[in-house]
Structures are given as structure tokens and as C-alpha cells.
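S.K.: Contents are mmCIF, C-alpha atoms; file name data.cif:
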```cif
data_work
#
loop_
_atom_site.label_atom_id
_atom_site.label_comp_id
_atom_site.auth_asym_id
_atom_site.auth_seq_id
_atom_site.Cartn_x
_atom_site.Cartn_y
_atom_site.Cartn_z
CA MET A 1 -3.04 -51.32 23.83
CA ALA A 2 -1.06 -48.14 24.56
CA ARG A 3 1.59 -48.45 27.23
CA ARG A 4 0.66 -46.50 30.36
CA ASN A 5 2.94 -44.41 32.51
CA LYS A 6 3.20 -45.37 36.17
CA TRP A 7 3.60 -41.71 37.23
CA LEU A 8 0.49 -40.63 35.32
CA PRO A 9 -1.38 -43.97 35.09
CA TRP A 10 -4.45 -42.48 33.42
CA ARG A 11 -2.49 -40.85 30.63
CA SER A 12 -0.82 -42.52 27.66
CA VAL A 13 2.94 -41.88 27.47
CA GLU A 14 2.69 -40.98 23.79
CA THR A 15 2.09 -37.38 22.79
CA LEU A 16 2.13 -36.41 19.13
CA THR A 17 2.99 -33.34 17.11
CA ALA A 18 0.65 -32.18 14.37
CA ASN A 19 0.58 -34.54 11.41
CA ASN A 20 3.69 -34.36 9.18
CA GLU A 21 5.16 -31.61 11.36
CA ARG A 22 8.61 -31.44 12.95
CA VAL A 23 9.18 -28.83 15.67
CA TYR A 24 12.39 -27.57 17.26
CA ALA A 25 12.00 -25.50 20.45
CA ILE A 26 14.94 -23.43 21.70
CA GLY A 27 15.39 -22.44 25.35
CA ASP A 28 16.36 -19.09 26.88
CA ILE A 29 19.02 -17.38 24.74
CA HIS A 30 19.62 -14.35 27.01
CA GLY A 31 21.97 -12.48 24.69
CA SER A 32 24.16 -15.52 23.90
CA LEU A 33 24.63 -14.94 20.18
CA ASP A 34 27.43 -17.43 19.53
CA ALA A 35 25.53 -20.24 21.25
CA TYR A 36 22.39 -19.40 19.27
CA VAL A 37 24.21 -19.36 15.93
CA ALA A 38 25.90 -22.69 16.72
CA LEU A 39 22.64 -24.29 17.83
CA LYS A 40 20.69 -23.07 14.81
CA ARG A 41 23.32 -24.57 12.48
CA ARG A 42 23.05 -27.89 14.30
CA ILE A 43 19.26 -27.78 14.06
CA GLU A 44 19.44 -27.09 10.33
CA GLN A 45 21.81 -30.03 9.82
CA ASP A 46 19.66 -32.27 12.02
CA SER A 47 16.61 -31.42 9.93
CA ILE A 48 18.48 -32.24 6.72
CA ASP A 49 19.56 -35.59 8.21
CA ARG A 50 15.99 -36.47 9.23
CA GLN A 51 14.39 -36.94 5.83
CA ASN A 52 11.52 -38.98 7.22
CA GLY A 53 8.15 -37.58 6.32
CA ALA A 54 7.88 -34.07 7.79
CA THR A 55 6.38 -31.67 5.25
CA ARG A 56 6.55 -28.70 7.65
CA VAL A 57 9.48 -27.85 9.92
CA ARG A 58 8.97 -25.20 12.61
CA LEU A 59 11.50 -23.53 14.91
CA ILE A 60 10.13 -21.91 18.09
CA VAL A 61 12.16 -19.67 20.39
CA LEU A 62 10.67 -19.94 23.89
CA GLY A 63 11.28 -16.33 25.01
CA ASP A 64 13.87 -14.64 27.24
CA PHE A 65 16.29 -13.80 24.45
CA ILE A 66 17.18 -10.41 25.95
CA ASP A 67 19.06 -9.49 29.18
CA ARG A 68 22.00 -11.06 31.04
CA GLY A 69 24.18 -11.96 28.04
CA PRO A 70 26.55 -9.61 26.20
CA ALA A 71 25.04 -9.58 22.70
CA VAL A 72 21.39 -8.69 23.22
CA ARG A 73 21.12 -6.28 20.29
CA GLN A 74 22.68 -8.76 17.89
CA VAL A 75 20.41 -11.56 19.12
CA VAL A 76 17.30 -9.38 18.71
CA ARG A 77 18.26 -8.31 15.20
CA THR A 78 19.12 -11.88 14.22
CA LEU A 79 15.81 -13.26 15.49
CA MET A 80 13.89 -10.50 13.73
CA LYS A 81 15.65 -11.31 10.47
CA HIS A 82 15.05 -15.04 10.80
CA GLU A 83 11.37 -14.54 11.60
CA GLN A 84 10.85 -12.11 8.73
CA ASN A 85 12.48 -14.51 6.25
CA ASN A 86 10.77 -17.72 7.38
CA GLN A 87 7.07 -18.20 8.10
CA THR A 88 7.81 -21.33 10.16
CA PHE A 89 10.20 -19.48 12.50
CA GLU A 90 8.38 -18.25 15.62
CA VAL A 91 9.61 -16.17 18.55
CA LEU A 92 7.56 -16.21 21.75
CA LEU A 93 7.44 -13.62 24.50
CA GLY A 94 9.27 -14.33 27.77
CA ASN A 95 8.99 -12.63 31.14
CA HIS A 96 12.11 -10.55 30.46
CA GLU A 97 10.62 -9.17 27.24
CA GLU A 98 7.28 -8.55 28.98
CA LEU A 99 9.04 -6.59 31.73
CA LEU A 100 10.86 -4.52 29.11
CA LEU A 101 7.55 -3.71 27.41
CA GLN A 102 6.09 -2.51 30.70
CA ILE A 103 9.13 -0.26 31.22
CA LEU A 104 8.72 1.11 27.70
CA MET A 105 5.18 2.16 28.69
CA GLY A 106 6.65 4.16 31.57
CA LYS A 107 5.32 1.97 34.36
CA PRO A 108 6.99 3.23 37.55
CA GLY A 109 8.98 1.18 40.05
CA LEU A 110 10.36 -1.39 37.59
CA VAL A 111 13.56 0.02 36.13
CA GLU A 112 15.91 -0.61 39.05
CA SER A 113 14.85 -4.25 39.49
CA TRP A 114 15.03 -4.82 35.71
CA LEU A 115 18.58 -3.49 35.55
CA GLU A 116 19.58 -5.91 38.33
CA PHE A 117 17.61 -8.67 36.56
CA GLY A 118 19.80 -8.45 33.47
CA GLY A 119 18.65 -5.20 31.93
CA LEU A 120 22.04 -3.55 32.31
CA GLN A 121 23.38 -5.83 29.59
CA THR A 122 20.45 -4.93 27.36
CA ILE A 123 20.84 -1.17 27.63
CA ALA A 124 24.62 -1.48 27.18
CA SER A 125 24.12 -3.56 24.06
CA PHE A 126 21.78 -0.93 22.57
CA GLY A 127 23.96 1.98 23.69
CA VAL A 128 21.43 3.42 26.14
CA ALA A 129 22.76 5.13 29.27
CA PRO A 130 21.40 4.06 32.68
CA PRO A 131 18.74 6.22 34.35
CA ARG A 132 19.98 9.71 35.11
CA PRO A 133 19.59 11.42 38.50
CA GLY A 134 16.06 12.79 38.76
CA GLU A 135 14.90 11.10 35.54
CA ASN A 136 11.38 9.68 35.89
CA SER A 137 10.10 6.42 34.40
CA PHE A 138 8.48 8.13 31.39
CA GLU A 139 11.62 10.05 30.50
CA PHE A 140 13.73 6.89 30.73
CA ALA A 141 11.13 4.97 28.68
CA GLU A 142 11.39 7.59 25.94
CA ARG A 143 15.19 7.32 25.84
CA LEU A 144 15.05 3.54 25.96
CA GLY A 145 12.53 3.34 23.14
CA ALA A 146 14.64 5.66 21.00
CA GLY A 147 17.70 3.51 21.66
CA LEU A 148 15.92 0.28 20.76
CA GLY A 149 14.31 1.84 17.69
CA ALA A 150 10.70 1.76 16.56
CA GLU A 151 11.18 -1.42 14.51
CA VAL A 152 12.42 -3.40 17.52
CA VAL A 153 9.72 -2.05 19.84
CA GLU A 154 6.94 -2.85 17.36
CA TRP A 155 8.34 -6.35 16.86
CA LEU A 156 8.47 -7.01 20.61
CA GLN A 157 4.87 -5.82 20.92
CA SER A 158 3.79 -8.25 18.19
CA LEU A 159 5.13 -11.42 19.86
CA SER A 160 2.74 -14.16 20.97
CA CYS A 161 2.82 -15.94 24.33
CA SER A 162 2.22 -19.47 23.09
CA ALA A 163 2.13 -21.85 20.14
CA THR A 164 0.77 -25.36 19.63
CA SER A 165 1.44 -28.50 17.62
CA GLY A 166 -0.76 -31.54 18.13
CA ASP A 167 -0.60 -32.57 21.79
CA TYR A 168 2.09 -29.96 22.59
CA LEU A 169 1.81 -26.40 23.86
CA PHE A 170 4.86 -24.13 23.78
CA CYS A 171 5.22 -21.16 26.13
CA HIS A 172 7.93 -19.49 28.16
CA ALA A 173 7.28 -20.43 31.79
CA GLY A 174 4.44 -22.96 31.94
CA VAL A 175 0.77 -23.10 32.90
CA ARG A 176 -1.32 -23.05 36.06
CA PRO A 177 -2.13 -26.66 37.08
CA GLY A 178 -5.85 -27.38 37.15
CA VAL A 179 -6.77 -24.46 34.87
CA PRO A 180 -7.98 -25.32 31.33
CA LEU A 181 -5.54 -24.22 28.64
CA ARG A 182 -8.07 -21.82 27.11
CA LYS A 183 -8.31 -20.01 30.47
CA GLN A 184 -4.59 -19.70 31.24
CA SER A 185 -3.44 -16.19 32.09
CA ILE A 186 -0.63 -14.46 30.25
CA GLU A 187 1.03 -13.76 33.60
CA ASP A 188 1.25 -17.48 34.43
CA MET A 189 2.49 -18.44 30.96
CA LEU A 190 5.32 -15.91 31.36
CA TRP A 191 6.15 -16.07 35.08
CA ILE A 192 4.93 -19.26 36.81
CA ARG A 193 7.58 -21.50 38.30
CA ASP A 194 7.30 -23.87 41.29
CA GLU A 195 3.54 -24.46 41.14
CA PHE A 196 4.03 -25.69 37.58
CA THR A 197 7.39 -27.45 37.77
CA GLN A 198 6.42 -29.37 40.91
CA SER A 199 3.09 -30.56 39.49
CA THR A 200 2.60 -34.07 38.12
CA LYS A 201 -0.82 -33.24 36.67
CA TRP A 202 -1.66 -33.53 33.01
CA HIS A 203 -2.33 -30.00 31.73
CA GLY A 204 -4.39 -30.74 28.63
CA ALA A 205 -1.20 -30.78 26.54
CA ARG A 206 2.44 -31.57 27.08
CA ILE A 207 4.03 -28.21 27.89
CA VAL A 208 7.39 -27.30 26.33
CA HIS A 209 8.93 -24.42 28.27
CA GLY A 210 12.02 -22.52 29.37
CA HIS A 211 12.28 -20.12 32.34
CA SER A 212 13.21 -22.68 35.02
CA PRO A 213 16.87 -23.66 34.39
CA VAL A 214 17.92 -27.30 34.24
CA SER A 215 21.34 -28.87 33.70
CA GLU A 216 20.11 -30.64 30.57
CA VAL A 217 16.83 -30.86 28.68
CA ASN A 218 14.38 -32.52 31.05
CA VAL A 219 11.68 -34.69 29.42
CA LEU A 220 8.78 -35.53 31.74
CA PRO A 221 5.35 -37.02 31.01
CA ASN A 222 3.54 -33.69 31.35
CA ARG A 223 6.24 -31.18 30.32
CA ILE A 224 9.65 -30.68 28.71
CA ALA A 225 12.09 -28.14 30.22
CA VAL A 226 14.54 -26.65 27.72
CA ASP A 227 16.35 -23.77 29.49
CA THR A 228 19.93 -24.88 30.20
CA GLY A 229 21.13 -21.45 31.38
CA ALA A 230 23.07 -20.48 28.27
CA TYR A 231 24.23 -17.10 29.57
CA ARG A 232 26.16 -18.76 32.40
CA SER A 233 26.67 -22.37 31.21
CA GLY A 234 27.53 -21.49 27.62
CA VAL A 235 25.20 -24.28 26.48
CA LEU A 236 22.00 -23.42 24.63
CA SER A 237 19.63 -26.33 24.09
CA ALA A 238 16.68 -27.33 21.95
CA VAL A 239 14.23 -30.20 21.88
CA GLY A 240 13.18 -31.78 18.59
CA LEU A 241 9.71 -33.26 18.23
CA GLN A 242 8.11 -35.23 15.42
CA ASP A 243 5.13 -37.55 15.80
CA SER A 244 5.94 -39.34 19.09
CA ARG A 245 9.73 -38.94 18.76
CA ILE A 246 11.67 -36.63 21.08
CA TRP A 247 15.37 -35.78 20.85
CA THR A 248 17.69 -33.01 22.05
CA ILE A 249 20.30 -30.79 20.42
CA THR A 250 22.81 -28.48 22.11
CA SER A 251 25.12 -25.71 20.96
CA ALA A 252 28.16 -27.37 22.59
#
```
Give the structure from this file in C-alpha cells form.
M.R.:
Amino acid sequence: MARRNKWLPWRSVETLTANNERVYAIGDIHGSLDAYVALKRRIEQDSIDRQNGATRVRLIVLGDFIDRGPAVRQVVRTLMKHEQNNQTFEVLLGNHEELLLQILMGKPGLVESWLEFGGLQTIASFGVAPPRPGENSFEFAERLGAGLGAEVVEWLQSLSCSATSGDYLFCHAGVRPGVPLRKQSIEDMLWIRDEFTQSTKWHGARIVHGHSPVSEVNVLPNRIAVDTGAYRSGVLSAVGLQDSRIWTITSA
């Protein structure tokens, strides 16, 4: 008989990945290129060391790879290259990328808050000057899009909000408790915080997410938090999943 969890007594502790699949999920990179490169090397070595039945190995970046850190352009280009060269490498959209896409559409009233939110590091990395006196949101969006380049903009627009493997769902921020997974809104999957992180409910899958920083990877019965604040802590983290096994890897 399966062991039951006292916190969620109606739910078995064991959640499984898809059959013969190993998944690594990386938390919020936020322009931290060195930490990402170090972590990816450790993941690759870990996967070599774990020769135990996985026929498919996936790596999922949980969004928020732009803003705040100093090497946003290099991170974006590196992720694009890795995704283009590997069908099992997946980059998900985060709330920072979603905000950037809204700004690129010229939506008014967002630029100033985005720049304070970490966007200054992004425009500096791509060589784009801050908004000019009298420049409206559409004019800035045109300059920003030109600085990013069509290839980057099209890639950002193509990113998905979620991925799945067996009993796991991967997204940036989390899900709305009590709402079936098929009815979750994009806004919640990118932006939700306290309502999700404070919930002990089972969500229909174990949610693997970033967005809400933790000091170390936090494994709970209904979710796994992976964002260890790399841009300020210097430590980028990932969780490894295969069958019922769960382990963590860090860049440090």
C-alpha cells in the first residue's frame, strides 16, 4: 500500500515523470550567464553519471531569464542556440518576458515600471538607450525591437507557458488553487504568488516553478520551488526528476 502524506492525507507522496524520462528544470536565470553555464555543465555531468534507464532527457528553463542581471543578451542568445540545437531543451515564458512582449507591442504605461523591475539591465545589455524625452510607447517599442532584433523578438513570441511530464507540470509562477489545470489562465501561470505558494491543495499535478525566491530548492508535496535568486545570490539551481526520484543541482 502506498505511503500517505500526513499534510495531504488523501494524496500519495509519490509523483512520477513520464515513463523512461528524466527532466531537469532550471530556475530564474535573470541575466546570470556564468551561473547558467556552470549549472548546465553540472547537469550534463549529472546526466552522464545517471545511466539508469532514461531514454529521453529534457532540460526546461522556467522563465525569467531576462532583466536584473548583467548579461541578458548573452543569456538570450545562449538559450536560443541551445533550444535550436536540441529538441529536448525547452524555454518557458516568465512574467518578465511577458512584460517585455507587451512593451514591444507599444502598450502604454509599462516602460517606467519595467525599467525599475530590471529592464534597465536588459536595454543596456542590448545597447538600447532609455526612453527619450517626449518619446511615446510606440516609438520606444520600435527602437527596442530594433535593438533586440527580429530573431530574438520572434523567438520570445514563440515561447510556451507550460510543459508536462507524467504527474508534473512546469510553469513560471504556479497555478490558481481550485482551478482545473486545463482552465488555468496564462496570467496566473506567469504572475501568481501568495495564493499559490501558501496553498496546501493538490493541483492536479505537482507544480515545478520559479518566480517566488527561496534560499534553496524547496520540495513540497504539491509543488517544487526552484528560484534561488541567482542575480543576487550568485546561485542558480535546478531540480532533477526521474520516475519518483527528486534531486537538486546548483551552480555553486
S.K.: Between A:Ile48, A:Ile123, A:Arg143, A:Asn95, which is the closest to A:Asp188 once you count only C-alpha atoms?
M.R.: A:Asn95
S.K.: Per residue of stretch 93-198 of chain A within 6 Å of stretch 71-74 of chain A, record the nearest atom pair and its distance in Å to one decimal, counting all atoms listed in the file, with rows in chain order and ascending residue number, as JSON lines.
M.R.:
```
{"residue": "A:Thr122", "atom": "CA", "partner": "A:Val72", "partner_atom": "CA", "distance": 5.7}
{"residue": "A:Ser125", "atom": "CA", "partner": "A:Arg73", "partner_atom": "CA", "distance": 5.5}
{"residue": "A:Phe126", "atom": "CA", "partner": "A:Arg73", "partner_atom": "CA", "distance": 5.9}
```
S.K.: Can you spit out the residues from that selection as a CSV table (one decimal), in the frame of the given file, using C-alpha atoms?
M.R.:
```csv
chain,number,residue,atom,x,y,z
A,122,THR,CA,20.4,-4.9,27.4
A,125,SER,CA,24.1,-3.6,24.1
A,126,PHE,CA,21.8,-0.9,22.6
```
S.K.: Can you list what the PyMOL selection byres ((chain A and resi 96) around 10) grabs from this structure, as a ChimeraX atom specification?
M.R.: /A:30,63-68,93-95,97-101,114,117-119,190-191,211
S.K.: Taking into account only C-alpha atoms, which residue in the set A:Ser32, A:Gln242, A:Thr197, A:Ser185 is nearest to A:Ala18?
M.R.: A:Gln242
S.K.: Determine the nearest neighbour of A:Ile43 from the options A:Gln157, A:Thr248, A:Asn136, A:Ser233, counting all atoms listed in the file.
M.R.: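 Ranked by minimum distance to A:Ile43, first place goes to A:Thr248.
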S.K.: Report the residues retrieved by the PyMOL selection byres ((chain A and resi 240) around 10) from the displayed file, expressed as a list in words.
M.R.: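 On this input, the PyMOL selection byres ((chain A and resi 240) around 10) captures Arg22, Val23, Tyr24, Ala25, Ile26, Ile43, Asp46, Ser47, Arg58, Leu59, Ala238, Val239, Leu241, Gln242, Arg245, Ile246, Trp247, Thr248 and Ile249 of chain A.
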S.K.: Report the residues retrieved by the PyMOL selection byres ((chain A and resi 171) around 12) from the displayed file, expressed as a PDB file with C-alpha atoms, in the coordinates of the input.
M.R.:
```pdb
ATOM      1  CA  ALA A  25      12.000 -25.500  20.450  1.00  0.00           C
ATOM      2  CA  ILE A  26      14.940 -23.430  21.700  1.00  0.00           C
ATOM      3  CA  GLY A  27      15.390 -22.440  25.350  1.00  0.00           C
ATOM      4  CA  ASP A  28      16.360 -19.090  26.880  1.00  0.00           C
ATOM      5  CA  ILE A  60      10.130 -21.910  18.090  1.00  0.00           C
ATOM      6  CA  VAL A  61      12.160 -19.670  20.390  1.00  0.00           C
ATOM      7  CA  LEU A  62      10.670 -19.940  23.890  1.00  0.00           C
ATOM      8  CA  GLY A  63      11.280 -16.330  25.010  1.00  0.00           C
ATOM      9  CA  ASP A  64      13.870 -14.640  27.240  1.00  0.00           C
ATOM     10  CA  GLU A  90       8.380 -18.250  15.620  1.00  0.00           C
ATOM     11  CA  VAL A  91       9.610 -16.170  18.550  1.00  0.00           C
ATOM     12  CA  LEU A  92       7.560 -16.210  21.750  1.00  0.00           C
ATOM     13  CA  LEU A  93       7.440 -13.620  24.500  1.00  0.00           C
ATOM     14  CA  GLY A  94       9.270 -14.330  27.770  1.00  0.00           C
ATOM     15  CA  ASN A  95       8.990 -12.630  31.140  1.00  0.00           C
ATOM     16  CA  LEU A 159       5.130 -11.420  19.860  1.00  0.00           C
ATOM     17  CA  SER A 160       2.740 -14.160  20.970  1.00  0.00           C
ATOM     18  CA  CYS A 161       2.820 -15.940  24.330  1.00  0.00           C
ATOM     19  CA  SER A 162       2.220 -19.470  23.090  1.00  0.00           C
ATOM     20  CA  ALA A 163       2.130 -21.850  20.140  1.00  0.00           C
ATOM     21  CA  THR A 164       0.770 -25.360  19.630  1.00  0.00           C
ATOM     22  CA  SER A 165       1.440 -28.500  17.620  1.00  0.00           C
ATOM     23  CA  TYR A 168       2.090 -29.960  22.590  1.00  0.00           C
ATOM     24  CA  LEU A 169       1.810 -26.400  23.860  1.00  0.00           C
ATOM     25  CA  PHE A 170       4.860 -24.130  23.780  1.00  0.00           C
ATOM     26  CA  HIS A 172       7.930 -19.490  28.160  1.00  0.00           C
ATOM     27  CA  ALA A 173       7.280 -20.430  31.790  1.00  0.00           C
ATOM     28  CA  GLY A 174       4.440 -22.960  31.940  1.00  0.00           C
ATOM     29  CA  VAL A 175       0.770 -23.100  32.900  1.00  0.00           C
ATOM     30  CA  LEU A 181      -5.540 -24.220  28.640  1.00  0.00           C
ATOM     31  CA  GLN A 184      -4.590 -19.700  31.240  1.00  0.00           C
ATOM     32  CA  SER A 185      -3.440 -16.190  32.090  1.00  0.00           C
ATOM     33  CA  ILE A 186      -0.630 -14.460  30.250  1.00  0.00           C
ATOM     34  CA  GLU A 187       1.030 -13.760  33.600  1.00  0.00           C
ATOM     35  CA  ASP A 188       1.250 -17.480  34.430  1.00  0.00           C
ATOM     36  CA  MET A 189       2.490 -18.440  30.960  1.00  0.00           C
ATOM     37  CA  LEU A 190       5.320 -15.910  31.360  1.00  0.00           C
ATOM     38  CA  TRP A 191       6.150 -16.070  35.080  1.00  0.00           C
ATOM     39  CA  ILE A 192       4.930 -19.260  36.810  1.00  0.00           C
ATOM     40  CA  ALA A 205      -1.200 -30.780  26.540  1.00  0.00           C
ATOM     41  CA  ARG A 206       2.440 -31.570  27.080  1.00  0.00           C
ATOM     42  CA  ILE A 207       4.030 -28.210  27.890  1.00  0.00           C
ATOM     43  CA  VAL A 208       7.390 -27.300  26.330  1.00  0.00           C
ATOM     44  CA  HIS A 209       8.930 -24.420  28.270  1.00  0.00           C
ATOM     45  CA  GLY A 210      12.020 -22.520  29.370  1.00  0.00           C
ATOM     46  CA  HIS A 211      12.280 -20.120  32.340  1.00  0.00           C
ATOM     47  CA  ARG A 223       6.240 -31.180  30.320  1.00  0.00           C
ATOM     48  CA  ILE A 224       9.650 -30.680  28.710  1.00  0.00           C
ATOM     49  CA  ALA A 225      12.090 -28.140  30.220  1.00  0.00           C
ATOM     50  CA  VAL A 226      14.540 -26.650  27.720  1.00  0.00           C
ATOM     51  CA  ASP A 227      16.350 -23.770  29.490  1.00  0.00           C
TER      52      ASP A 227
END
```
S.K.: With distances taken over only C-alpha atoms, which of A:Lys81, A:Lys183, A:Arg232, A:Lys201 is nearest to A:Ala35?
M.R.: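 Closest candidate: A:Arg232.
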S.K.: Using Å and a single decimal, report how far atom CA of A:Arg41 sits from atom CA of A:Thr228.
M.R.: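 A separation of 18.0 Å between them.
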